[in-house]
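Coordinates from upload.csv are shown below (CSV, C-alpha atoms).
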```csv
chain,number,residue,atom,x,y,z
A,1,MET,CA,-1.1,-14.3,10.3
A,2,GLU,CA,-1.3,-12.6,7.0
A,3,PHE,CA,-1.3,-14.3,3.5
A,4,THR,CA,-0.2,-12.6,0.3
A,5,PRO,CA,-3.0,-12.1,-2.3
A,6,ASP,CA,-1.7,-15.0,-4.3
A,7,GLU,CA,-1.5,-17.3,-1.3
A,8,LEU,CA,-5.0,-16.4,-0.2
A,9,GLN,CA,-6.3,-16.9,-3.8
A,10,THR,CA,-4.7,-20.4,-3.8
A,11,ILE,CA,-6.4,-21.2,-0.5
A,12,THR,CA,-9.7,-19.9,-1.7
A,13,ASN,CA,-9.6,-21.8,-5.0
A,14,THR,CA,-8.7,-25.0,-3.1
A,15,LEU,CA,-11.5,-24.5,-0.6
A,16,ARG,CA,-14.2,-23.7,-3.2
A,17,SER,CA,-13.3,-26.6,-5.5
A,18,GLY,CA,-13.3,-29.2,-2.7
A,19,ARG,CA,-15.9,-32.0,-2.5
A,20,ASN,CA,-14.6,-34.7,-0.2
A,21,LEU,CA,-12.3,-35.5,2.7
A,22,ALA,CA,-9.3,-35.9,0.4
A,23,ASP,CA,-9.8,-32.4,-0.8
A,24,LEU,CA,-10.2,-31.1,2.7
A,25,THR,CA,-6.9,-32.8,3.6
A,26,THR,CA,-5.2,-30.9,0.7
A,27,LEU,CA,-6.6,-27.6,2.0
A,28,LEU,CA,-5.5,-28.3,5.6
A,29,ASN,CA,-1.9,-29.2,4.5
A,30,LEU,CA,-1.7,-26.2,2.1
A,31,THR,CA,-2.7,-23.8,4.8
A,32,GLY,CA,-0.6,-25.5,7.5
A,33,GLU,CA,2.5,-25.4,5.3
A,34,LEU,CA,2.1,-21.7,4.5
A,35,ILE,CA,1.7,-20.9,8.2
A,36,ALA,CA,4.7,-23.0,9.1
A,37,LYS,CA,6.9,-21.4,6.5
A,38,LYS,CA,6.0,-17.9,7.7
A,39,LEU,CA,6.7,-18.8,11.3
A,40,GLU,CA,9.8,-20.9,10.4
A,41,LEU,CA,8.3,-24.0,12.0
A,42,GLU,CA,7.8,-27.6,10.8
A,43,HIS,CA,4.3,-28.6,9.7
A,44,LYS,CA,3.2,-32.0,10.6
A,45,SER,CA,1.0,-33.0,7.6
A,46,PHE,CA,-2.3,-34.7,7.8
A,47,SER,CA,-2.9,-37.9,5.9
A,48,VAL,CA,-6.2,-38.6,4.3
A,49,ARG,CA,-6.5,-41.6,6.6
A,50,GLN,CA,-6.2,-39.4,9.7
A,51,VAL,CA,-8.8,-36.9,8.5
A,52,TYR,CA,-11.2,-39.8,7.7
A,53,HIS,CA,-10.6,-41.3,11.2
A,54,TYR,CA,-11.4,-38.0,13.0
A,55,TYR,CA,-14.4,-37.3,10.7
A,56,TYR,CA,-16.1,-40.7,11.5
A,57,ASN,CA,-15.2,-40.6,15.2
A,58,LEU,CA,-15.8,-37.0,16.1
A,59,GLU,CA,-18.0,-37.4,19.2
A,60,SER,CA,-15.3,-39.5,20.9
A,61,LYS,CA,-12.7,-36.9,20.3
A,62,TYR,CA,-13.8,-34.3,22.9
A,63,LYS,CA,-13.4,-34.1,26.6
A,64,GLU,CA,-16.1,-32.3,28.6
A,65,HIS,CA,-15.2,-29.8,31.3
A,66,ARG,CA,-17.6,-27.9,33.6
A,67,MET,CA,-16.7,-24.5,34.9
A,68,PRO,CA,-18.7,-22.4,37.3
A,69,LYS,CA,-20.2,-19.1,36.0
A,70,LYS,CA,-19.9,-15.9,37.9
A,71,SER,CA,-23.7,-15.5,37.5
A,72,GLY,CA,-24.3,-19.0,38.8
A,73,GLY,CA,-24.7,-22.4,37.2
A,74,GLU,CA,-22.1,-24.1,35.0
A,75,ARG,CA,-20.5,-23.5,31.6
A,76,ILE,CA,-19.9,-26.7,29.6
A,77,ILE,CA,-16.6,-26.7,27.7
A,78,HIS,CA,-16.0,-29.4,25.1
A,79,ALA,CA,-12.2,-29.5,24.4
A,80,PRO,CA,-11.2,-31.4,21.2
A,81,GLU,CA,-8.2,-33.7,21.1
A,82,GLU,CA,-5.0,-32.0,20.0
A,83,ARG,CA,-5.0,-33.3,16.4
A,84,LEU,CA,-8.7,-32.4,15.9
A,85,LYS,CA,-8.0,-29.0,17.5
A,86,GLN,CA,-5.3,-28.5,14.8
A,87,ILE,CA,-7.8,-29.2,12.1
A,88,GLN,CA,-10.2,-26.7,13.6
A,89,ARG,CA,-7.5,-24.1,14.1
A,90,LEU,CA,-6.6,-24.3,10.4
A,91,LEU,CA,-10.3,-23.9,9.4
A,92,ASN,CA,-10.4,-20.9,11.7
A,93,VAL,CA,-7.5,-19.4,9.9
A,94,VAL,CA,-9.1,-20.0,6.5
A,95,PHE,CA,-12.5,-18.5,7.3
A,96,SER,CA,-11.0,-15.6,9.3
A,97,HIS,CA,-9.3,-14.5,6.1
A,98,LEU,CA,-12.4,-14.9,4.0
A,99,TYR,CA,-14.8,-13.2,6.5
A,100,GLN,CA,-15.4,-9.6,5.8
A,101,PRO,CA,-16.8,-8.1,9.1
A,102,SER,CA,-19.3,-5.3,9.3
A,103,GLU,CA,-18.3,-2.3,11.3
A,104,ALA,CA,-20.4,-3.6,14.2
A,105,ALA,CA,-18.5,-6.9,14.7
A,106,HIS,CA,-15.5,-6.8,17.0
A,107,GLY,CA,-15.2,-10.2,18.7
A,108,PHE,CA,-12.7,-12.7,17.1
A,109,VAL,CA,-12.0,-10.2,14.3
A,110,ARG,CA,-8.4,-9.3,13.3
A,111,ASN,CA,-7.2,-5.9,14.5
A,112,ARG,CA,-10.4,-5.4,16.7
A,113,SER,CA,-10.8,-6.0,20.4
A,114,ILE,CA,-13.0,-5.2,23.4
A,115,VAL,CA,-11.6,-1.7,23.2
A,116,THR,CA,-12.7,-1.1,19.6
A,117,ASN,CA,-16.0,-2.6,20.6
A,118,ALA,CA,-16.4,-0.1,23.5
A,119,ARG,CA,-15.1,3.1,21.8
A,120,PRO,CA,-18.2,3.9,19.7
A,121,HIS,CA,-20.3,4.2,22.9
A,122,VAL,CA,-18.0,6.6,24.8
A,123,GLY,CA,-19.9,9.6,26.2
A,124,LYS,CA,-23.4,8.4,25.3
A,125,GLN,CA,-26.2,9.2,27.8
A,126,HIS,CA,-27.6,5.7,27.8
A,127,VAL,CA,-26.0,2.3,27.2
A,128,PHE,CA,-28.0,-0.9,26.7
A,129,ASN,CA,-26.1,-4.2,27.1
A,130,ILE,CA,-27.7,-7.5,25.9
A,131,ASP,CA,-26.4,-11.0,26.3
A,132,LEU,CA,-27.5,-13.7,23.9
A,133,LYS,CA,-28.5,-16.9,25.7
A,134,ASP,CA,-26.7,-20.2,24.9
A,135,PHE,CA,-24.9,-18.5,22.0
A,136,PHE,CA,-22.7,-21.3,20.7
A,137,PRO,CA,-25.2,-24.2,21.1
A,138,THR,CA,-27.9,-22.0,19.4
A,139,ILE,CA,-26.0,-22.3,16.2
A,140,HIS,CA,-26.8,-25.7,14.7
A,141,PHE,CA,-25.4,-27.8,11.9
A,142,GLY,CA,-27.9,-26.7,9.3
A,143,ARG,CA,-27.1,-23.0,9.8
A,144,VAL,CA,-23.4,-23.7,9.6
A,145,LYS,CA,-23.7,-25.7,6.4
A,146,ALA,CA,-26.0,-23.1,4.8
A,147,VAL,CA,-23.7,-20.1,5.5
A,148,LEU,CA,-20.6,-21.9,4.2
A,149,GLN,CA,-22.4,-22.1,0.8
A,150,LEU,CA,-23.0,-18.4,0.6
A,151,PRO,CA,-21.1,-16.5,-2.2
A,152,ASP,CA,-18.6,-15.0,0.4
A,153,TYR,CA,-17.3,-18.5,1.1
A,154,GLY,CA,-18.5,-20.6,-1.8
A,155,LEU,CA,-18.1,-24.1,-0.5
A,156,THR,CA,-19.8,-26.9,-2.5
A,157,PRO,CA,-22.7,-28.6,-0.7
A,158,GLU,CA,-20.5,-31.7,-0.2
A,159,LEU,CA,-17.6,-29.9,1.4
A,160,ALA,CA,-19.9,-27.6,3.4
A,161,HIS,CA,-21.5,-30.7,4.9
A,162,ILE,CA,-18.0,-32.1,5.8
A,163,VAL,CA,-16.7,-28.8,7.3
A,164,ALA,CA,-19.9,-28.2,9.2
A,165,ASN,CA,-19.5,-31.6,10.8
A,166,PHE,CA,-15.9,-30.9,11.8
A,167,CYS,CA,-17.1,-27.6,13.4
A,168,CYS,CA,-20.1,-29.1,15.3
A,169,LEU,CA,-20.6,-31.6,18.1
A,170,GLN,CA,-23.9,-33.4,18.3
A,171,GLY,CA,-25.3,-31.0,15.7
A,172,ARG,CA,-24.3,-27.8,17.6
A,173,LEU,CA,-21.3,-25.5,17.8
A,174,PRO,CA,-19.3,-26.6,20.9
A,175,GLN,CA,-17.8,-24.1,23.3
A,176,GLY,CA,-14.1,-25.1,23.3
A,177,SER,CA,-13.5,-25.6,19.6
A,178,PRO,CA,-11.1,-23.1,18.0
A,179,ALA,CA,-13.4,-23.0,15.0
A,180,SER,CA,-16.5,-22.0,16.9
A,181,PRO,CA,-15.8,-18.2,17.3
A,182,ILE,CA,-15.3,-17.5,13.6
A,183,ILE,CA,-18.3,-19.7,12.6
A,184,THR,CA,-20.5,-17.6,14.9
A,185,ASN,CA,-19.3,-14.4,13.1
A,186,LEU,CA,-20.1,-16.0,9.7
A,187,VAL,CA,-23.6,-16.9,10.9
A,188,CYS,CA,-24.1,-13.5,12.6
A,189,LYS,CA,-23.1,-11.3,9.6
A,190,ARG,CA,-26.8,-10.9,8.6
A,191,LEU,CA,-27.8,-10.2,12.2
A,192,ASP,CA,-25.2,-7.4,12.4
A,193,TYR,CA,-26.4,-5.8,9.2
A,194,ARG,CA,-30.0,-6.0,10.2
A,195,ILE,CA,-29.5,-4.5,13.7
A,196,SER,CA,-27.1,-1.9,12.4
A,197,GLY,CA,-29.7,-0.7,9.9
A,198,LEU,CA,-32.4,-0.6,12.6
A,199,ALA,CA,-30.1,1.2,15.0
A,200,ALA,CA,-29.2,3.8,12.4
A,201,LYS,CA,-32.8,4.4,11.6
A,202,HIS,CA,-33.6,5.3,15.3
A,203,GLY,CA,-30.3,7.1,16.1
A,204,LEU,CA,-28.6,4.4,18.1
A,205,THR,CA,-25.1,3.0,18.0
A,206,TYR,CA,-24.7,-0.8,17.7
A,207,THR,CA,-21.7,-3.1,18.3
A,208,ARG,CA,-21.4,-6.8,19.0
A,209,TYR,CA,-18.6,-8.8,20.6
A,210,ALA,CA,-19.5,-12.5,20.3
A,211,ASP,CA,-22.7,-12.9,22.3
A,212,ASP,CA,-22.5,-9.4,23.9
A,213,ILE,CA,-24.7,-6.8,22.1
A,214,SER,CA,-24.3,-3.1,23.0
A,215,LEU,CA,-26.5,-0.2,22.0
A,216,SER,CA,-26.1,3.4,23.0
A,217,PHE,CA,-28.0,6.6,22.5
A,218,ASP,CA,-28.5,10.1,23.9
A,219,GLN,CA,-32.2,10.9,23.5
A,220,LEU,CA,-34.9,8.6,22.3
A,221,SER,CA,-38.6,9.3,22.2
A,222,HIS,CA,-41.1,6.9,23.7
A,223,GLU,CA,-42.4,6.0,20.2
A,224,SER,CA,-38.8,5.4,18.9
A,225,ARG,CA,-38.0,3.2,21.9
A,226,LYS,CA,-41.2,1.2,21.4
A,227,SER,CA,-40.5,0.8,17.7
A,228,PHE,CA,-36.9,-0.1,18.1
A,229,SER,CA,-37.6,-2.6,20.9
A,230,TYR,CA,-40.2,-4.4,18.7
A,231,GLY,CA,-37.8,-4.4,15.7
A,232,LEU,CA,-34.9,-5.7,17.7
A,233,GLY,CA,-36.9,-8.5,19.2
A,234,LYS,CA,-38.2,-9.4,15.8
A,235,ILE,CA,-34.7,-9.6,14.3
A,236,LEU,CA,-33.3,-11.7,17.1
A,237,ASP,CA,-36.2,-14.1,16.9
A,238,GLU,CA,-35.9,-14.4,13.1
A,239,GLU,CA,-32.2,-15.0,13.4
A,240,GLY,CA,-32.7,-17.7,16.0
A,241,PHE,CA,-31.3,-16.0,19.1
A,242,MET,CA,-32.8,-15.5,22.6
A,243,VAL,CA,-31.9,-12.8,25.1
A,244,ASN,CA,-30.5,-13.7,28.5
A,245,GLY,CA,-32.7,-11.5,30.6
A,246,LYS,CA,-30.5,-11.9,33.7
A,247,LYS,CA,-27.6,-10.1,31.9
A,248,THR,CA,-29.6,-7.4,30.1
A,249,ARG,CA,-29.2,-3.9,31.6
A,250,LEU,CA,-29.7,-0.3,30.8
A,251,LEU,CA,-26.9,2.0,32.2
A,252,ARG,CA,-27.7,5.7,32.7
A,253,PRO,CA,-25.2,8.7,33.0
A,254,ASN,CA,-25.1,8.6,36.8
A,255,GLN,CA,-23.9,4.9,36.7
A,256,ARG,CA,-20.6,3.4,35.8
A,257,GLN,CA,-21.2,2.6,32.1
A,258,GLU,CA,-19.3,-0.4,30.8
A,259,VAL,CA,-19.2,-2.2,27.4
A,260,THR,CA,-17.4,-5.6,27.4
A,261,GLY,CA,-15.7,-4.7,30.7
A,262,VAL,CA,-14.4,-1.4,29.5
A,263,VAL,CA,-15.6,1.8,31.3
A,264,ILE,CA,-16.9,4.4,28.8
A,265,ASN,CA,-18.5,7.2,30.8
A,266,GLU,CA,-16.2,10.0,29.6
A,267,LYS,CA,-13.3,8.1,28.0
A,268,ILE,CA,-12.1,4.5,27.5
A,269,ASN,CA,-10.9,3.3,30.9
A,270,VAL,CA,-10.8,0.3,33.3
A,271,ASN,CA,-12.8,0.4,36.5
A,272,ARG,CA,-11.1,1.7,39.7
A,273,ASP,CA,-11.0,-1.8,41.3
A,274,TYR,CA,-8.6,-2.9,38.6
A,275,ILE,CA,-6.1,-0.2,39.4
A,276,ARG,CA,-6.5,-0.7,43.2
A,277,ASN,CA,-5.9,-4.5,42.8
A,278,LEU,CA,-2.7,-3.9,40.8
A,279,ARG,CA,-1.4,-1.4,43.3
A,280,ALA,CA,-2.2,-3.7,46.2
A,281,ILE,CA,-0.4,-6.7,44.7
A,282,LEU,CA,2.7,-4.6,43.9
A,283,HIS,CA,2.6,-3.1,47.4
A,284,ASN,CA,2.4,-6.6,49.0
A,285,TRP,CA,5.3,-7.8,46.9
A,286,GLN,CA,7.4,-4.8,47.9
A,287,LYS,CA,6.6,-5.1,51.7
A,288,GLN,CA,6.3,-8.9,52.1
A,289,GLY,CA,8.5,-10.2,49.4
A,290,GLU,CA,7.8,-12.1,46.2
A,291,GLU,CA,7.6,-15.6,47.8
A,292,THR,CA,4.9,-14.6,50.4
A,293,THR,CA,2.9,-12.7,47.8
A,294,GLN,CA,3.1,-15.7,45.4
A,295,VAL,CA,1.8,-18.0,48.1
A,296,ARG,CA,-1.2,-15.7,48.8
A,297,PHE,CA,-1.9,-15.4,45.1
A,298,GLU,CA,-1.9,-19.2,44.7
A,299,GLN,CA,-4.4,-19.5,47.6
A,300,LEU,CA,-6.9,-17.2,45.7
A,301,TYR,CA,-6.1,-18.3,42.1
A,302,PRO,CA,-7.9,-21.7,42.1
A,303,LYS,CA,-11.2,-19.8,42.5
A,304,THR,CA,-10.8,-18.3,39.0
A,305,ALA,CA,-12.2,-19.6,35.8
A,306,VAL,CA,-8.7,-19.8,34.2
A,307,PHE,CA,-7.6,-22.3,36.8
A,308,GLN,CA,-10.8,-24.4,36.3
A,309,ARG,CA,-9.9,-24.7,32.6
A,310,LYS,CA,-6.1,-25.1,32.7
A,311,ARG,CA,-5.5,-26.5,36.3
A,312,LYS,CA,-2.2,-24.6,36.2
A,313,ILE,CA,-1.2,-21.6,38.3
A,314,PRO,CA,1.0,-19.1,36.5
A,315,LYS,CA,3.8,-17.0,38.1
A,316,LEU,CA,2.5,-13.9,39.8
A,317,GLN,CA,5.1,-11.8,37.8
A,318,ASN,CA,3.6,-13.0,34.5
A,319,VAL,CA,0.1,-12.3,35.7
A,320,LEU,CA,1.1,-8.7,36.6
A,321,TYR,CA,2.7,-8.1,33.3
A,322,GLY,CA,-0.5,-9.4,31.6
A,323,LYS,CA,-2.6,-7.0,33.7
A,324,ILE,CA,-0.4,-4.1,32.8
A,325,GLN,CA,-0.5,-4.9,29.1
A,326,PHE,CA,-4.3,-5.0,29.3
A,327,LEU,CA,-4.2,-1.6,30.9
A,328,LYS,CA,-1.9,-0.4,28.2
A,329,MET,CA,-4.3,-1.7,25.5
A,330,VAL,CA,-7.2,0.2,27.1
A,331,ARG,CA,-5.5,3.5,28.1
A,332,GLY,CA,-2.5,3.7,25.7
A,333,GLY,CA,1.2,3.5,26.4
A,334,GLU,CA,1.6,7.1,27.5
A,335,ASP,CA,-0.5,6.7,30.7
A,336,LYS,CA,1.4,7.6,33.9
A,337,ASP,CA,-0.1,4.7,35.9
A,338,ILE,CA,1.2,2.2,33.4
A,339,GLN,CA,4.7,3.7,33.3
A,340,ASN,CA,4.8,3.7,37.2
A,341,PHE,CA,3.6,0.1,37.3
A,342,LEU,CA,6.2,-1.0,34.8
A,343,ILE,CA,9.0,0.7,36.8
A,344,GLN,CA,7.8,-1.0,40.0
A,345,ILE,CA,7.5,-4.5,38.6
A,346,ASN,CA,10.9,-4.2,36.8
A,347,LEU,CA,12.6,-3.1,40.0
A,348,LEU,CA,11.0,-5.9,42.0
A,349,SER,CA,11.8,-8.5,39.3
A,350,ASN,CA,15.5,-7.3,39.2
A,351,ASN,CA,15.6,-7.7,43.0
A,352,VAL,CA,14.3,-11.3,42.8
A,353,ARG,CA,17.0,-12.1,40.2
A,354,LYS,CA,19.7,-10.7,42.4
```
Would you encode the structure as structure tokens?
Amino acid sequence: MEFTPDELQTITNTLRSGRNLADLTTLLNLTGELIAKKLELEHKSFSVRQVYHYYYNLESKYKEHRMPKKSGGERIIHAPEERLKQIQRLLNVVFSHLYQPSEAAHGFVRNRSIVTNARPHVGKQHVFNIDLKDFFPTIHFGRVKAVLQLPDYGLTPELAHIVANFCCLQGRLPQGSPASPIITNLVCKRLDYRISGLAAKHGLTYTRYADDISLSFDQLSHESRKSFSYGLGKILDEEGFMVNGKKTRLLRPNQRQEVTGVVINEKINVNRDYIRNLRAILHNWQKQGEETTQVRFEQLYPKTAVFQRKRKIPKLQNVLYGKIQFLKMVRGGEDKDIQNFLIQINLLSNNVRK
């Protein structure tokens, strides 16, 4: 969603002059109406009374879900009610347009992706991946309120307090809110600049996708490694983050090197299992038929995290198209595997329709 310079200036002025819930309501409706007009949709306006109601009953407006992690344990998701979710989505739109990302930030940034995050590390001898522990909950109300008052965003203390409350649950960023990803980027902007500077000083490349930090290098002396490690630890500590040691790994040239799930040893690619899996599903569809393959797919699907969250099994055909589109994003549209997969799935889909 793009705004014209005049529209963005109007949104910015409304945001920066706001002081209370009535002013926030004006901002939400202004932004919502502009989006609806561009998408040719109808905007359901918020009343001041509605915004007051949600603001003073925030903790009762979330549902908690628990999803198993691949690494073990559970991930707690707090899903806001639909109307509160709409408020948070509009705040996400506003701050996404005001946020000016550093070159290192790629997660939840317009026109950037896991592919742009991985590309700077292609062909490097060593790749160091770090996961930040409890990323969303680590960012508390005070940090959110403080960053919203920085010159880049310019909220008054009064409105910063209100917006921070709308973005937090029990004083922390909840995983499940549409506003949480952009707020983490606002908070991590200084982190990105500090680590980028340290990395450049020692000849490393740094990128961050949400809580995934990636660093790569060719050669690094023992002294440089020691100095960089100390400096990185100091920055993370001062910025209030902890490293998840279970997900920290150094990948060498003789290993499959990945950054945010993208293989980067010689070029941007997916891992071989991804291609094998696609070929196997299409082969089964061709040999056993769409119905039998769908049934087998449904037997396996409930084990995935998506099902745990949505409790809804999509059509196999839609999943396959999604997988092919992901492959296209990584490899590019001219890739022969992609073209062959598209031919196969189109032929199979036409047979089903007949």
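Across A:Arg331, A:Arg225, A:Arg16, A:Arg190, the tightest approach to Ile275 (chain A) is made by A:Arg331 when counting all atoms listed in the file.
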Query - Residue nearest Leu278 (chain A) - candidates A:Ile324, A:Leu236, A:Ile264, A:Leu150, atoms counted: all atoms listed in the file - result: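 Comparing A:Ile324, A:Leu236, A:Ile264, A:Leu150 against Leu278 (chain A), the winner is A:Ile324.
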Which residues are close to Ser102 (chain A), i.e. within 10 Å by only C-alpha atoms, leaving aside same-chain residues fewer than 6 positions away? Reply as an mmCIF file with C-alpha atoms, in the frame of the given file.
```
data_model
loop_
_atom_site.group_PDB
_atom_site.id
_atom_site.type_symbol
_atom_site.label_atom_id
_atom_site.label_comp_id
_atom_site.auth_asym_id
_atom_site.auth_seq_id
_atom_site.Cartn_x
_atom_site.Cartn_y
_atom_site.Cartn_z
ATOM 1 C CA ASN A 185 -19.300 -14.400 13.100
ATOM 2 C CA LYS A 189 -23.100 -11.300 9.600
ATOM 3 C CA ARG A 190 -26.800 -10.900 8.600
ATOM 4 C CA ASP A 192 -25.200 -7.400 12.400
ATOM 5 C CA TYR A 193 -26.400 -5.800 9.200
ATOM 6 C CA SER A 196 -27.100 -1.900 12.400
ATOM 7 C CA THR A 207 -21.700 -3.100 18.300
#
```
Report task. May I have the residues within 12 Å of His283 (chain A) as a ChimeraX atom specification, using only C-alpha atoms and disregarding those fewer than 5 positions away in the same chain? Result -> /A:276-278,288-290,293,341,344-345,348
Query raised in the report: At a cut-off of 12 Å from (0.4, -10.5, 35.1) in the coordinates of the file, what residues are picked up using all atoms listed in the file, written as number ranges by chain?
Result: A: 277-278, 281-282, 294, 297, 313-327, 341-342, 345
Requested in this report: Give me the residues within 9 Å of His126 (chain A) as a VMD selection string, counting only C-alpha atoms and dropping any in the same chain fewer than 6 places off.
Outcome: chain A and resid 215 to 219 250 to 253 257
Query raised in the report: Which value, in Å to one decimal, gives the distance between CA of Arg208 (chain A) and CA of Gly154 (chain A)?
Result: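 One can read the CA of Arg208 (chain A) to CA of Gly154 (chain A) distance as 25.1 Å.
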Query - Within 12 Å of Gln9 (chain A) using all atoms listed in the file, minus same-chain residues under 4 positions, as a list in words - result: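 The filter keeps Phe3, Thr4, Pro5, Asn13, Thr14, Leu15, Arg16, Leu30, Thr31, Val94, His97 and Leu98 of chain A.
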Requested in this report: Give the answer as one residue: which of A:Asn129, A:Gln286, A:Ser45, A:Thr12 has the shortest atom-to-atom distance to Lys246 (chain A), using only C-alpha atoms?
Outcome: A:Asn129
For the interface of region 198-271 of chain A with region 103-122 of chain A (cut-off 10 Å, counting all atoms listed in the file), please tabulate each contacting residue of region 198-271 of chain A alongside its nearest pair of atoms and their separation in Å to one decimal, rows sorted by chain and increasing number, as a tab-separated table.
```
residue	atom	partner	partner_atom	distance
A:Leu204	CA	A:His121	CA	9.6
A:Thr205	CA	A:His121	CA	7.0
A:Tyr206	CA	A:Ala104	CA	6.2
A:Thr207	CA	A:Ala104	CA	4.3
A:Arg208	CA	A:Ala105	CA	5.2
A:Tyr209	CA	A:Gly107	CA	4.1
A:Ala210	CA	A:Gly107	CA	5.1
A:Asp211	CA	A:Gly107	CA	8.7
A:Asp212	CA	A:Gly107	CA	9.0
A:Ile213	CA	A:Ala104	CA	9.5
A:Ser214	CA	A:His121	CA	8.3
A:Leu215	CA	A:His121	CA	7.7
A:Ser216	CA	A:His121	CA	5.9
A:Phe217	CA	A:His121	CA	8.1
A:Gln257	CA	A:Val122	CA	8.9
A:Glu258	CA	A:Ala118	CA	7.9
A:Val259	CA	A:Ala118	CA	5.2
A:Thr260	CA	A:Ile114	CA	6.0
A:Gly261	CA	A:Ile114	CA	7.8
A:Val262	CA	A:Ala118	CA	6.5
A:Val263	CA	A:Ala118	CA	8.1
A:Ile264	CA	A:Val122	CA	4.7
A:Asn265	CA	A:Val122	CA	6.1
A:Glu266	CA	A:Val122	CA	6.2
A:Lys267	CA	A:Val122	CA	5.9
A:Ile268	CA	A:Arg119	CA	6.6
A:Asn269	CA	A:Val115	CA	9.2
```
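In this comparison, which uses only C-alpha atoms, the residue of A:Lys226, A:Lys145, A:His43, A:Lys234 approaching Pro157 (chain A) most closely is A:Lys145.
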Report task. Could you tell me how far CA of Leu132 (chain A) lies from CA of Ser227 (chain A), in Å and to one decimal? Result -> 20.4 Å
Query - Between CA of Leu41 (chain A) and CA of Gln88 (chain A), distance in Å (one decimal) - result: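 These two atoms are separated by 18.8 Å.
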